[in-house]
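Report on one structure; see the data block that follows.
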Amino acid sequence: MAGGGPTLTLQDVADLARVRRPVVSMWRNRPRVRGLHVPFPAPVEVSGGMERFRREDVVEWLERTGRGNNPEANLDAPALSVPDDVPLDELVTWLCLAVLTGEELADTTAENRITLARGVDPDDRVLFREVEASVPAVCTLRFIDDLVEASYGPREALDRLEQGRAARTLGTRDLTSDAVDLIHAVAEACALHLDPEGVPLVHVGPASSVTLALADTFTHLVVPGGTPELRDIRRRAVIREIETVDDAAGPGVRVLSTIGRPADELLDLVDNLVLDLGEGELAIIIGPAGVLCDELQGQQERHRAQTLRSESLAVALRLPRGMWREAHRQALGLWVCATGGSMQRPLVADLAAFTRDELDLGDLASDVTGAFAAMRGRAFRYLRPHDLPPILSARTVVVPRGVRALRLATTEIERHLAVINAATLVTSEPIQPFDVLAERAPGAMLLRRRSLGELKDLGHVRVLRGSRIDHSHGNPAGSVAVLSATNPHGTARLDPFDAARLYPRAVRTDPGDVVFAERPRPIATVDDHGGSLVASPSKILRISSQAGIGPHAVAAIINRLPNEPTEWQTWSVPILDTFEVEGLEEVLLAAVNHETTLRRHLDATRDLVTAMIDGVAAGAVTLTTRTTQ
């Protein structure tokens, strides 16, 4: 706190205004707002290499300028003014006390706080010893009161802490929401297999946010032990209104996150967990794929093999990359282990081999549930059996790269046949030959060339800018095409009423206009129909009949320029007589039509090859080539 007042860092300002961090730097460098000089507030101090700004100054500046995307910035600002040098776990402790007691803490004495803590935590499971040993500054307690008031509830207050300045100081980066959703789907499948009425979730090993992310699905959360890390989990669970107990009354799902742990420590934690599994329990283990899924060597390989010999591994998954923010290029692995010692063929899958559209969490959960069934004859969408003996052999991976479920013969035979037949309707069409009769021209003529810049100055060509088009306005049934140089068939289509209403100043093409772009390389196409909009940065080149060159010739010349950006004014074209222009345009149009036919055949051939592979692989079709006599 500078001068006794709460402060914000530039990242805090970005969070408050709900913009990206570079936007705040741009605001500081551009003091003029709507014609008025409204400079960004000056910093009041520099702490830890970061500038600090008075909170009131920032809120007033945002209100005066109207910048940002948060109309309630004045209400959210108190929740961002985190006191300096106060650890995150201490802030969580005071937030937990405020949530449990419903009291404002800023006006309490140390004796009051100890009395409050004893009243809500008589067995000292959560926070009594921390409250008794701590002497917080008044600004810390006032911040907690402001945080509670600025939040919609205890959960959001905790989320603000875990995403704010105090958490950034720790430098730890958590799992992405996609990773949490995937693990959550696996955990739900495990719980459903044990008891559809609900089972407890048992935390194992070091503290991890994964446990709290999964706990809502289960009847209660079991956090055995009394280490400071585990007490912190209990406090966060209390804030999130998750019931915690010390011991499980019956079989449950154990969860162990080893993310960020050294390989040897990870293997020890996994081995201990597998050995401690009780009758009817399941365990979910999350860690680096390099240890859980890939090849290991030496002592680490032998250690993992010893754990796997218990035949407890039921499911092993390699997760897609990017699910751990700390190391977005490192893939994570996930194991599901069960008691009983009868998993001689664990089911494995490399989920990184599937696209986002192909990965359905409901089907994945169904596969995990099926992995525990007595009969392994069912079909799986993702999982594939992997014999345990090869896994235990030296230099063998648990989850081979790209492994996925075996596909049974499909029942969609008609669909595969229809795709193949549709493609062959195009590829079987005869392609008309394209021939040009070339003869020696009578006499000799002086070759003349002019640049497009010269033709523009003479009034023989016009260059019109394209328009910025919002593709969310597109309507597949629309009749107004939006063209670009790189997409001559149109990037979108607009309803004519929408085009007139939304883009009244946009220039429409005339038949024969050249649509071109200079960057990243010169490229052009001809709109033979007209009436289209052109999406910037593409431009329209409109050629008059006096130019001595036709649109298809100009487009062909532009498309054959070097692959580097140049100014359109410098592009040179030949100047021809009128009858030569007409003849050349006719032949070039025929060449364009021939090229279009060839491309259509090439596209159909590419689709046909894919359809044939898919159809044969699915067991839907058999193929026979036709030979001509």
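Labels for the structure tokens follow display order: chains A, B, ..., residues from 1 in each chain, ligands from 1.
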
DSSP-assigned strand (DSSP E) among segment 209-324 of chain A, expressed as a PyMOL selection string: chain A and resi 221-222+244-245+253-257+282-288+313-318

Test item: residues at most 6 Å from Thr219 of chain A, only C-alpha atoms, excluding those fewer than 4 positions along its chain, as a list of chain:residue names: A:Gly198, A:Val199, A:Pro200

Residue neighbourhood segment 317-333 of chain A, 6 Å, only C-alpha atoms, exclusion window fewer than 2 positions, as a count of residues only: 15

Contact residues around Val13 of chain A with only C-alpha atoms at 12 Å, ignoring same-chain residues under 5 positions, as JSON, numbers by chain: {"A": [7, 8, 18, 19, 20, 21, 22, 23, 24, 25, 27, 28, 40, 41, 51, 52, 53, 54, 55, 56, 57, 58, 59, 61, 62, 67, 68, 69, 70, 73, 74, 76, 77, 78, 79, 80, 81, 164, 165]}

Neighbour list for Leu158 of chain A as a VMD selection string, cut-off 9 Å, only C-alpha atoms, skip fewer than 5 positions in-chain: chain A and resid 92 95 153 163 236 239 to 240
